[in-house]
Structures are given as C-alpha cells and as structure tokens.
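Have a look at protein-v4.cif; it's mmCIF, C-alpha atoms:
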data_run
#
loop_
_atom_site.group_PDB
_atom_site.id
_atom_site.type_symbol
_atom_site.label_atom_id
_atom_site.label_comp_id
_atom_site.auth_asym_id
_atom_site.auth_seq_id
_atom_site.Cartn_x
_atom_site.Cartn_y
_atom_site.Cartn_z
ATOM 1 C CA MET A 385 24.106 -30.546 56.239
ATOM 2 C CA TYR A 386 22.948 -27.090 55.215
ATOM 3 C CA GLY A 387 23.292 -25.325 58.556
ATOM 4 C CA GLY A 388 21.052 -22.491 59.698
ATOM 5 C CA ALA A 389 18.747 -24.648 61.796
ATOM 6 C CA ILE A 390 16.562 -21.673 62.680
ATOM 7 C CA VAL A 391 15.336 -21.409 59.114
ATOM 8 C CA ASP A 392 11.789 -22.551 58.769
ATOM 9 C CA GLU A 393 11.603 -25.899 56.931
ATOM 10 C CA LYS A 394 8.668 -24.711 54.831
ATOM 11 C CA ILE A 395 10.488 -21.594 53.621
ATOM 12 C CA LYS A 396 13.483 -23.769 52.807
ATOM 13 C CA ARG A 397 11.390 -26.154 50.742
ATOM 14 C CA VAL A 398 9.956 -23.252 48.742
ATOM 15 C CA TYR A 399 13.192 -21.370 48.117
ATOM 16 C CA ILE A 400 15.885 -24.041 47.841
ATOM 17 C CA PRO A 401 16.966 -24.700 45.169
ATOM 18 C CA MET A 402 16.263 -21.194 43.966
ATOM 19 C CA THR A 403 15.367 -20.030 40.471
ATOM 20 C CA GLU A 404 17.986 -17.878 38.754
ATOM 21 C CA THR A 405 15.637 -14.910 39.046
ATOM 22 C CA GLY A 406 15.143 -15.537 42.759
ATOM 23 C CA PHE A 407 18.851 -15.930 43.398
ATOM 24 C CA TYR A 408 19.853 -12.705 41.671
ATOM 25 C CA ILE A 409 17.109 -10.711 43.390
ATOM 26 C CA LEU A 410 18.045 -11.948 46.853
ATOM 27 C CA PHE A 411 21.762 -11.664 46.160
ATOM 28 C CA LEU A 412 21.517 -8.073 44.915
ATOM 29 C CA LEU A 413 19.221 -7.004 47.751
ATOM 30 C CA GLN A 414 22.152 -7.214 50.128
ATOM 31 C CA GLU A 415 22.136 -3.507 49.315
ATOM 32 C CA GLU A 416 18.966 -1.423 49.162
ATOM 33 C CA LEU A 417 17.526 -1.354 45.620
ATOM 34 C CA HIS A 418 14.237 -0.973 43.776
ATOM 35 C CA GLY A 419 12.904 -3.461 41.220
ATOM 36 C CA TYR A 420 14.129 -1.750 38.084
ATOM 37 C CA ASN A 421 17.596 -1.261 39.646
ATOM 38 C CA ILE A 422 17.773 -5.018 40.128
ATOM 39 C CA ILE A 423 16.736 -5.717 36.525
ATOM 40 C CA GLN A 424 19.493 -3.434 35.213
ATOM 41 C CA LYS A 425 22.143 -4.900 37.522
ATOM 42 C CA VAL A 426 21.239 -8.481 36.592
ATOM 43 C CA LYS A 427 21.542 -7.525 32.925
ATOM 44 C CA VAL A 428 25.055 -6.224 33.517
ATOM 45 C CA LEU A 429 26.126 -9.141 35.746
ATOM 46 C CA THR A 430 24.947 -11.751 33.224
ATOM 47 C CA LYS A 431 26.019 -9.830 30.102
ATOM 48 C CA ASP A 432 22.398 -9.520 28.892
ATOM 49 C CA GLU A 433 21.793 -13.243 29.274
ATOM 50 C CA ILE A 434 19.186 -12.810 32.001
ATOM 51 C CA VAL A 435 16.658 -10.039 31.532
ATOM 52 C CA ILE A 436 14.041 -10.222 34.260
ATOM 53 C CA SER A 437 10.663 -8.989 33.029
ATOM 54 C CA ALA A 438 8.433 -6.571 34.920
ATOM 55 C CA GLY A 439 5.754 -9.075 35.924
ATOM 56 C CA THR A 440 8.306 -11.631 37.059
ATOM 57 C CA MET A 441 10.153 -9.000 39.119
ATOM 58 C CA TYR A 442 7.000 -7.646 40.722
ATOM 59 C CA GLY A 443 5.712 -11.136 41.558
ATOM 60 C CA SER A 444 9.051 -12.250 43.045
ATOM 61 C CA LEU A 445 9.442 -9.118 45.173
ATOM 62 C CA SER A 446 5.877 -9.426 46.504
ATOM 63 C CA LYS A 447 6.348 -13.089 47.333
ATOM 64 C CA MET A 448 9.722 -12.601 49.006
ATOM 65 C CA GLU A 449 8.371 -9.684 51.030
ATOM 66 C CA LYS A 450 5.367 -11.740 52.137
ATOM 67 C CA ASP A 451 7.648 -14.607 53.164
ATOM 68 C CA GLY A 452 9.929 -12.256 55.099
ATOM 69 C CA LEU A 453 13.081 -12.731 52.994
ATOM 70 C CA ILE A 454 13.227 -9.054 52.116
ATOM 71 C CA GLN A 455 11.671 -5.930 53.583
ATOM 72 C CA PHE A 456 10.276 -2.746 52.121
ATOM 73 C CA THR A 457 12.408 0.294 52.940
ATOM 74 C CA LYS A 458 11.120 3.346 51.076
ATOM 75 C CA GLU A 459 9.098 4.570 48.123
ATOM 76 C CA GLU A 460 10.580 7.275 45.918
ATOM 77 C CA SER A 461 8.924 8.561 42.745
ATOM 78 C CA LYS A 462 6.650 5.500 42.693
ATOM 79 C CA ARG A 463 9.556 3.062 42.988
ATOM 80 C CA LYS A 464 9.627 0.803 46.027
ATOM 81 C CA SER A 465 12.998 -0.141 47.504
ATOM 82 C CA TYR A 466 13.754 -3.289 49.435
ATOM 83 C CA ILE A 467 16.595 -4.833 51.428
ATOM 84 C CA ILE A 468 17.364 -8.388 52.519
ATOM 85 C CA THR A 469 16.309 -9.513 56.048
ATOM 86 C CA GLU A 470 18.121 -11.863 58.452
ATOM 87 C CA LEU A 471 15.955 -14.750 57.236
ATOM 88 C CA GLY A 472 16.778 -13.785 53.649
ATOM 89 C CA LYS A 473 20.499 -13.809 54.443
ATOM 90 C CA GLU A 474 20.219 -17.291 55.929
ATOM 91 C CA ILE A 475 18.395 -18.608 52.868
ATOM 92 C CA LEU A 476 20.913 -16.919 50.579
ATOM 93 C CA ASN A 477 23.849 -18.500 52.459
ATOM 94 C CA ILE A 478 22.302 -21.957 52.276
ATOM 95 C CA GLU A 479 21.817 -21.501 48.530
ATOM 96 C CA ILE A 480 25.363 -20.202 48.005
ATOM 97 C CA LYS A 481 26.757 -23.233 49.867
ATOM 98 C CA ARG A 482 24.637 -25.506 47.677
ATOM 99 C CA ILE A 483 25.867 -23.856 44.479
ATOM 100 C CA LYS A 484 29.495 -24.058 45.690
ATOM 101 C CA ARG A 485 29.048 -27.766 46.352
ATOM 102 C CA LEU A 486 27.567 -28.275 42.902
ATOM 103 C CA TYR A 487 30.460 -26.390 41.340
ATOM 104 C CA GLN A 488 33.105 -28.340 43.274
ATOM 105 C CA ASN A 489 31.428 -31.664 42.542
ATOM 106 C CA SER A 490 31.187 -30.784 38.880
ATOM 107 C CA LYS A 491 34.981 -30.421 38.814
ATOM 108 C CA GLY A 492 35.358 -33.806 40.501
ATOM 109 C CA GLU A 493 36.165 -32.358 43.941
ATOM 110 C CA CYS A 494 34.558 -33.238 47.246
ATOM 111 C CA GLU A 495 33.653 -30.761 49.978
ATOM 112 C CA MET B 1328 -11.130 10.351 16.147
ATOM 113 C CA GLU B 1329 -12.850 7.378 14.562
ATOM 114 C CA THR B 1330 -13.775 4.617 16.998
ATOM 115 C CA LYS B 1331 -15.455 1.233 16.874
ATOM 116 C CA VAL B 1332 -16.936 -1.072 19.504
ATOM 117 C CA ILE B 1333 -16.672 -4.842 19.332
ATOM 118 C CA LYS B 1334 -18.605 -7.136 21.629
ATOM 119 C CA LYS B 1335 -16.544 -10.139 22.499
ATOM 120 C CA SER B 1336 -16.221 -12.547 25.338
ATOM 121 C CA PHE B 1337 -13.033 -14.100 26.655
ATOM 122 C CA GLY B 1338 -12.984 -16.441 29.614
ATOM 123 C CA ILE B 1339 -10.670 -16.081 32.590
ATOM 124 C CA GLY B 1340 -8.416 -18.749 31.096
ATOM 125 C CA ASP B 1341 -8.370 -17.168 27.633
ATOM 126 C CA PHE B 1342 -6.135 -14.182 28.278
ATOM 127 C CA ILE B 1343 -3.524 -15.416 25.791
ATOM 128 C CA ASP B 1344 -6.171 -15.516 23.044
ATOM 129 C CA GLU B 1345 -7.292 -12.052 24.162
ATOM 130 C CA GLN B 1346 -3.702 -10.749 23.897
ATOM 131 C CA ASN B 1347 -3.371 -12.190 20.389
ATOM 132 C CA TRP B 1348 -6.670 -10.667 19.328
ATOM 133 C CA LEU B 1349 -5.664 -7.207 20.620
ATOM 134 C CA GLU B 1350 -2.362 -7.541 18.719
ATOM 135 C CA GLU B 1351 -4.242 -8.402 15.521
ATOM 136 C CA GLN B 1352 -6.490 -5.369 15.995
ATOM 137 C CA HIS B 1353 -3.503 -3.062 16.463
ATOM 138 C CA SER B 1354 -1.683 -4.454 13.449
ATOM 139 C CA SER B 1355 -4.766 -3.687 11.367
ATOM 140 C CA GLY B 1356 -4.903 -0.107 12.667
ATOM 141 C CA TRP B 1357 -7.143 -0.286 15.745
ATOM 142 C CA LYS B 1358 -5.850 0.263 19.247
ATOM 143 C CA ILE B 1359 -7.930 -0.466 22.313
ATOM 144 C CA ILE B 1360 -8.849 2.602 24.388
ATOM 145 C CA SER B 1361 -11.449 1.280 26.801
ATOM 146 C CA PHE B 1362 -13.089 -1.811 28.006
ATOM 147 C CA ASP B 1363 -16.543 -2.233 29.493
ATOM 148 C CA ALA B 1364 -17.674 -5.413 31.104
ATOM 149 C CA SER B 1365 -21.367 -5.673 31.737
ATOM 150 C CA ILE B 1366 -21.344 -8.910 33.707
ATOM 151 C CA LYS B 1367 -17.711 -9.873 34.103
ATOM 152 C CA PHE B 1368 -18.418 -11.842 37.249
ATOM 153 C CA ILE B 1369 -18.375 -15.430 36.163
ATOM 154 C CA PHE B 1370 -19.322 -14.821 32.570
ATOM 155 C CA ASP B 1371 -17.352 -12.329 30.557
ATOM 156 C CA LYS B 1372 -19.362 -10.299 28.098
ATOM 157 C CA CYS B 1373 -17.344 -7.275 27.162
ATOM 158 C CA ASP B 1374 -17.427 -4.168 24.990
ATOM 159 C CA TYR B 1375 -14.013 -3.367 23.563
ATOM 160 C CA THR B 1376 -13.695 0.193 22.250
ATOM 161 C CA PHE B 1377 -10.982 0.781 19.655
ATOM 162 C CA GLU B 1378 -9.605 3.962 18.154
ATOM 163 C CA LYS B 1379 -8.243 4.249 14.616
ATOM 164 C CA CYS B 1380 -4.446 4.397 14.670
ATOM 165 C CA GLU B 1381 -1.391 3.636 12.596
ATOM 166 C CA ALA B 1382 -1.190 -0.099 11.859
ATOM 167 C CA GLN B 1383 1.759 -1.258 13.965
ATOM 168 C CA ASN B 1384 3.174 -4.422 15.379
ATOM 169 C CA TYR B 1385 2.472 -4.126 19.100
ATOM 170 C CA ILE B 1386 2.819 -6.758 21.791
ATOM 171 C CA TYR B 1387 -0.106 -6.932 24.224
ATOM 172 C CA GLN B 1388 0.261 -8.499 27.647
ATOM 173 C CA ILE B 1389 -2.403 -9.006 30.285
ATOM 174 C CA ASP B 1390 -1.405 -9.370 33.927
ATOM 175 C CA TYR B 1391 -3.402 -10.333 36.993
ATOM 176 C CA ASN B 1392 -2.497 -8.322 40.094
ATOM 177 C CA GLU B 1393 -4.381 -8.555 43.340
ATOM 178 C CA SER B 1394 -2.225 -6.169 45.375
ATOM 179 C CA GLY B 1395 -5.157 -3.725 45.393
ATOM 180 C CA LYS B 1396 -4.969 -0.294 47.087
ATOM 181 C CA SER B 1397 -2.120 1.509 45.358
ATOM 182 C CA ASN B 1398 -0.850 0.195 42.050
ATOM 183 C CA ASP B 1399 1.457 3.142 41.384
ATOM 184 C CA ASP B 1400 4.703 1.251 42.024
ATOM 185 C CA TYR B 1401 3.398 -1.759 40.108
ATOM 186 C CA ILE B 1402 2.614 0.265 36.987
ATOM 187 C CA GLN B 1403 5.837 2.295 37.316
ATOM 188 C CA LEU B 1404 7.933 -0.882 37.149
ATOM 189 C CA PHE B 1405 6.256 -1.828 33.859
ATOM 190 C CA ILE B 1406 6.766 1.689 32.488
ATOM 191 C CA ASP B 1407 10.471 1.496 33.438
ATOM 192 C CA CYS B 1408 10.682 -1.754 31.471
ATOM 193 C CA GLY B 1409 9.262 -0.035 28.399
ATOM 194 C CA TRP B 1410 5.598 -1.032 28.691
ATOM 195 C CA GLU B 1411 2.720 1.327 28.086
ATOM 196 C CA PHE B 1412 -0.096 0.924 30.616
ATOM 197 C CA VAL B 1413 -3.300 0.616 28.598
ATOM 198 C CA ILE B 1414 -6.250 -0.196 30.851
ATOM 199 C CA GLN B 1415 -7.167 -1.746 34.157
ATOM 200 C CA TYR B 1416 -10.254 -3.792 34.801
ATOM 201 C CA LYS B 1417 -10.524 -4.868 38.446
ATOM 202 C CA THR B 1418 -7.477 -7.093 39.000
ATOM 203 C CA TRP B 1419 -6.627 -7.293 35.283
ATOM 204 C CA PHE B 1420 -3.984 -4.970 33.834
ATOM 205 C CA TYR B 1421 -3.370 -4.489 30.112
ATOM 206 C CA PHE B 1422 0.053 -3.427 28.817
ATOM 207 C CA ARG B 1423 1.482 -2.943 25.332
ATOM 208 C CA LYS B 1424 4.865 -2.355 23.759
ATOM 209 C CA LEU B 1425 6.024 -1.725 20.183
ATOM 210 C CA ARG B 1426 7.815 -4.805 18.862
ATOM 211 C CA THR B 1427 11.380 -3.870 17.878
ATOM 212 C CA THR B 1428 14.382 -5.965 16.984
ATOM 213 C CA GLU B 1429 16.640 -4.369 19.621
ATOM 214 C CA ASP B 1430 14.329 -5.046 22.542
ATOM 215 C CA ILE B 1431 14.759 -8.525 24.000
ATOM 216 C CA ASP B 1432 12.235 -8.050 26.818
ATOM 217 C CA LEU B 1433 9.083 -8.926 24.893
ATOM 218 C CA SER B 1434 6.998 -10.555 27.595
ATOM 219 C CA ILE B 1435 5.987 -9.430 31.068
ATOM 220 C CA PHE B 1436 7.206 -12.777 32.413
ATOM 221 C CA SER B 1437 10.742 -14.024 31.896
ATOM 222 C CA ASP B 1438 10.421 -17.486 33.397
ATOM 223 C CA ASN B 1439 7.875 -20.271 33.533
ATOM 224 C CA GLU B 1440 7.692 -20.135 37.339
ATOM 225 C CA SER B 1441 6.215 -16.647 37.226
ATOM 226 C CA ARG B 1442 3.924 -17.561 34.312
ATOM 227 C CA SER B 1443 2.502 -20.468 36.259
ATOM 228 C CA GLU B 1444 2.379 -18.316 39.419
ATOM 229 C CA MET B 1445 0.128 -15.846 37.576
ATOM 230 C CA CYS B 1446 -2.203 -18.628 36.379
ATOM 231 C CA LYS B 1447 -2.427 -19.906 39.955
ATOM 232 C CA LYS B 1448 -3.506 -16.457 41.148
ATOM 233 C CA VAL B 1449 -6.195 -16.334 38.446
ATOM 234 C CA LEU B 1450 -7.350 -19.817 39.442
ATOM 235 C CA ASN B 1451 -7.517 -18.910 43.137
ATOM 236 C CA GLY B 1452 -9.416 -15.727 42.291
ATOM 237 C CA GLN B 1453 -11.939 -17.790 40.341
ATOM 238 C CA ILE B 1454 -12.409 -20.252 43.201
ATOM 239 C CA LYS B 1455 -12.812 -17.387 45.676
ATOM 240 C CA LYS B 1456 -15.672 -16.092 43.518
ATOM 241 C CA ILE B 1457 -17.584 -19.343 43.183
ATOM 242 C CA LEU B 1458 -17.244 -20.586 46.782
ATOM 243 C CA PRO B 1459 -19.260 -17.796 48.468
ATOM 244 C CA LEU B 1460 -21.966 -18.300 45.846
ATOM 245 C CA CYS B 1461 -22.112 -22.014 46.698
ATOM 246 C CA GLY B 1462 -22.255 -21.122 50.407
ATOM 247 C CA ILE B 1463 -25.093 -18.643 49.906
ATOM 248 C CA ALA B 1464 -27.057 -21.120 47.790
ATOM 249 C CA PHE B 1465 -26.663 -23.842 50.386
ATOM 250 C CA ILE B 1466 -27.610 -21.664 53.384
ATOM 251 C CA TRP B 1467 -30.496 -20.024 51.516
ATOM 252 C CA ASN B 1468 -32.010 -23.360 50.573
ATOM 253 C CA PHE B 1469 -31.518 -24.746 54.059
ATOM 254 C CA LEU B 1470 -33.225 -21.700 55.617
ATOM 255 C CA SER B 1471 -36.080 -21.745 53.128
ATOM 256 C CA PHE B 1472 -36.654 -25.401 53.913
ATOM 257 C CA LEU B 1473 -36.684 -24.584 57.653
ATOM 258 C CA ALA B 1474 -39.099 -21.715 57.083
ATOM 259 C CA TYR B 1475 -41.354 -24.019 55.113
ATOM 260 C CA LEU B 1476 -41.295 -26.588 57.936
ATOM 261 C CA LEU B 1477 -41.953 -24.022 60.664
ATOM 262 C CA CYS B 1478 -44.430 -21.708 58.954
ATOM 263 C CA GLY B 1479 -46.021 -24.006 56.444
ATOM 264 C CA LYS B 1480 -46.996 -23.085 52.898
ATOM 265 C CA SER B 1481 -47.493 -19.358 52.415
ATOM 266 C CA PHE B 1482 -46.697 -16.677 49.876
ATOM 267 C CA TRP B 1483 -43.506 -15.694 51.721
ATOM 268 C CA THR B 1484 -42.045 -19.169 52.233
ATOM 269 C CA GLY B 1485 -42.877 -19.854 48.591
ATOM 270 C CA LEU B 1486 -41.059 -16.700 47.504
ATOM 271 C CA ILE B 1487 -37.976 -17.526 49.582
ATOM 272 C CA ARG B 1488 -37.887 -21.066 48.213
ATOM 273 C CA GLY B 1489 -38.316 -19.772 44.708
ATOM 274 C CA MET B 1490 -35.368 -17.432 45.124
ATOM 275 C CA GLY B 1491 -33.284 -20.288 46.511
ATOM 276 C CA VAL B 1492 -34.060 -22.346 43.441
ATOM 277 C CA GLY B 1493 -33.113 -19.315 41.336
ATOM 278 C CA VAL B 1494 -29.675 -19.101 42.948
ATOM 279 C CA LEU B 1495 -29.213 -22.837 42.392
ATOM 280 C CA LEU B 1496 -30.123 -22.403 38.727
ATOM 281 C CA ILE B 1497 -27.551 -19.631 38.295
ATOM 282 C CA LEU B 1498 -24.968 -21.910 39.905
ATOM 283 C CA ALA B 1499 -25.935 -24.850 37.716
ATOM 284 C CA LEU B 1500 -25.594 -22.665 34.626
ATOM 285 C CA SER B 1501 -22.222 -21.247 35.624
ATOM 286 C CA ILE B 1502 -20.620 -24.482 36.783
ATOM 287 C CA PRO B 1503 -19.759 -25.900 33.328
ATOM 288 C CA TYR B 1504 -18.199 -22.549 32.471
ATOM 289 C CA PHE B 1505 -16.367 -22.502 35.799
ATOM 290 C CA ILE B 1506 -15.045 -26.040 35.335
ATOM 291 C CA GLY B 1507 -13.958 -25.163 31.794
ATOM 292 C CA ASN B 1508 -11.921 -22.216 33.095
ATOM 293 C CA VAL B 1509 -10.377 -24.248 35.899
ATOM 294 C CA MET B 1510 -9.374 -27.002 33.474
ATOM 295 C CA LYS B 1511 -7.856 -24.530 31.029
ATOM 296 C CA LEU B 1512 -5.855 -22.801 33.761
ATOM 297 C CA ASN B 1513 -4.715 -26.126 35.194
ATOM 298 C CA LYS B 1514 -3.522 -27.201 31.783
ATOM 299 C CA MET B 1515 -1.586 -23.961 31.382
ATOM 300 C CA ILE B 1516 0.028 -24.346 34.812
ATOM 301 C CA GLU B 1517 0.986 -27.918 33.972
ATOM 302 C CA GLY B 1518 2.414 -26.778 30.645
ATOM 303 C CA PHE B 1519 4.583 -24.147 32.339
ATOM 304 C CA GLN B 1520 5.795 -26.629 34.929
ATOM 305 C CA ASN B 1521 6.571 -29.353 32.375
ATOM 306 C CA PRO B 1522 7.375 -27.538 29.138
ATOM 307 C CA ILE B 1523 8.882 -30.686 27.629
ATOM 308 C CA ASN B 1524 5.649 -32.673 27.973
ATOM 309 C CA GLU B 1525 3.852 -29.809 26.294
ATOM 310 C CA PHE B 1526 6.346 -29.871 23.433
ATOM 311 C CA VAL B 1527 6.114 -33.636 22.993
ATOM 312 C CA GLY B 1528 2.330 -33.372 23.056
ATOM 313 C CA LYS B 1529 2.356 -30.903 20.188
ATOM 314 C CA LYS B 1530 4.440 -33.079 17.893
#
Turn this file's structure into structure tokens for me.
Amino acid sequence: MYGGAIVDEKIKRVYIPMTETGFYILFLLQEELHGYNIIQKVKVLTKDEIVISAGTMYGSLSKMEKDGLIQFTKEESKRKSYIITELGKEILNIEIKRIKRLYQNSKGECE
Amino acid sequence: METKVIKKSFGIGDFIDEQNWLEEQHSSGWKIISFDASIKFIFDKCDYTFEKCEAQNYIYQIDYNESGKSNDDYIQLFIDCGWEFVIQYKTWFYFRKLRTTEDIDLSIFSDNESRSEMCKKVLNGQIKKILPLCGIAFIWNFLSFLAYLLCGKSFWTGLIRGMGVGVLLILALSIPYFIGNVMKLNKMIEGFQNPINEFVGKK
C-alpha cells in the first residue's frame, strides 16, 4: 500500500505517522541546513504556529542521524549541518503519500 | 560579589522541582553560579552556590544530554534559541532565559514526544548505573563464597566476605531510592504520552 518495500519495517513503525516536528525537519533537510536554520524556516512556513525548541531539535536531529534518515555534512562556527539520505527520502515520500490520502479522504474523495 | 551556598538534594526524577527552585531563587535575587555534587552517583547531595543579582523572572531548564565528547554544537543551538548556558554537571545541562512577553519559546522542549524522550534517557542512564553495581555485588559474593569453600576460614576470606556484604548493604540502601526515581520517571513518561489522563487525574 505504501510502496518503498526496501524500507526497514522497524524504521517505518517508528517514523510513520510522523510528528509535526519530525515531518518539518525531514522535509526541510532536502536541502543542507543546520538546526537553527530549520527552526527559523519552520516558523516562517507555519506563520509562527510551530516553534521547535532547542532540546526538541537537538534530540530529533540526533535520533534521525542515528537511524540513518539524515546525515551530517559539515560543522561551521559550532553549527552542524545535515542533509536527508536515500532512506530519509523514502520515509518522507511514504509520509507525504499518507498525508495526501488523509487530505483527500477528509474532502470525501478516494485515492 | 556576595555569594551564598545552599545544600540541597534533588533526585534524578526531580529536575522539574529543581528548575522551579532555581527560578524562585533568581526571582528573589540569587542566581546560581556553580554546583558541586559530593556523591551524585545514586544519591544526590549537592552544594548550590548562588551570587547576589537583580531579582528577575528567569526560566530555568535542565536537559539531559549523553552525546559526550564535544558539546559545542549542542550548546550553540540553545544559545541561538536565546538560552544562556549556565552550568554542566556530567550529562546534565542547565540553561536559563529571561521571561518576556514577546518570546514564545519558553521551554527547551516543544512537544511531549521530546519531553518523554528525555525522561527515557534519564531512566536508561539510571538503570545503566545500578546494573553494574548489582553485577559486581553478585560476582563478589559468589567469589567470596568460593574462596571460603576452597581456603576455609581465614582473615582474608573473612575480609573478602565482609566487603561483599558491604556492597550488598549499599545496594539494599540505594534500591528504595532507585525504585522511587524509576517510578517518578515512569509516571512522567506516561503523563507526556497520555496528557489527557494526566489532566483527568488532576481534576
């Protein structure tokens, strides 16, 4: 149903459905960014509705890096940058499909 | 600069109480400058040193971070988000921020998942501390019993057995405290995972 059969079942169970924080982090890391960049971008995207706090950001980045969804790219003036990995892209696509389905169903449409 | 030292003990599961207490101190004109723990292994007996300052409404937040080695990027992220890094004790990091009406980022965690994630790390850390102690106690007592069987009663086998009993006593004393911490942390994790239950429970 979801596609992406290569994706580890365990990883899928942990990350899908995703938290809002998790989704925005993974979504924005399609380009290389550091943690505080992401926080600022999420603020803009959600018109200040979602402000990710420092501890939450640090914890999510560490966990996603450990699970191989994102990878560390460089450290500049004490700020670590990351970018999404192939596994991360697969997870993100599964989640986007799921959200699309939810949205369509909510309007009374079927896939 | 005028300073004062307060001896106080907060358990591993009491960091929210500790945060509140530090906030109270700051709002009555005392800011924490250092922190000395004499035996913060399983028990937490600590010396908090405060410096006289302007009485202000600060938010204190305590985080648990095991990443070790370099914490530069970790602390930098908090600084970028407007937090002042106060002190570090082992894996515990203390941050503070002046409470203002414009700032909406008043906690170091913005969702319950990350709050409960932090409590889980604290809980795991606690278990990792007590397990080796249990292992040592068990092996020590087993070996001392073997020594007693093989070598019979002597000063040395007696000493080794005595030490084994000592380790067991320390364990026995710390276990109620350990269980208390585990229960507190578990309750917090449950509360973060089911905030509605928590709310209903309070009514």
**Study point:** Picked residues, the PyMOL selection byres ((chain A) within 12 of (chain B)), as a VMD selection string
**Key:** chain A and resid 402 to 406 418 to 424 427 432 to 447 450 458 to 465
Point to revise | Residue contacts of range 1335-1341 of chain B (9 Å, all atoms listed in the file) excluding same-chain residues fewer than 3 positions away, as a PyMOL selection string | key: chain B and resi 1344-1346+1369-1375+1446+1449-1450+1453+1504+1507-1512+1515
Check your understanding: Need the neighbours of (-34.7, -16.4, 50.7): which residues are at most 12 Å away, counting only C-alpha atoms, as JSON, numbers by chain?
Key -> {"B": [1463, 1464, 1465, 1466, 1467, 1468, 1469, 1470, 1471, 1472, 1473, 1474, 1475, 1483, 1484, 1485, 1486, 1487, 1488, 1489, 1490, 1491, 1492, 1493, 1494, 1495]}
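Nearest to Gly1452 in chain B of all the residues B:Lys1417, B:Trp1357, B:Ile1502, B:Arg1426 is B:Lys1417, counting only C-alpha atoms.
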Review point. Could you pull the residues within 10 Å of Gln455 in chain A, counting all atoms listed in the file, minus those fewer than 2 positions along the same chain, as a PyMOL selection string?
Key: chain A and resi 413+416+445-446+448-453+457-458+465-469+472
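Between CA of Ile400 in chain A and CA of Ile1516 in chain B there is a distance of 20.5 Å.
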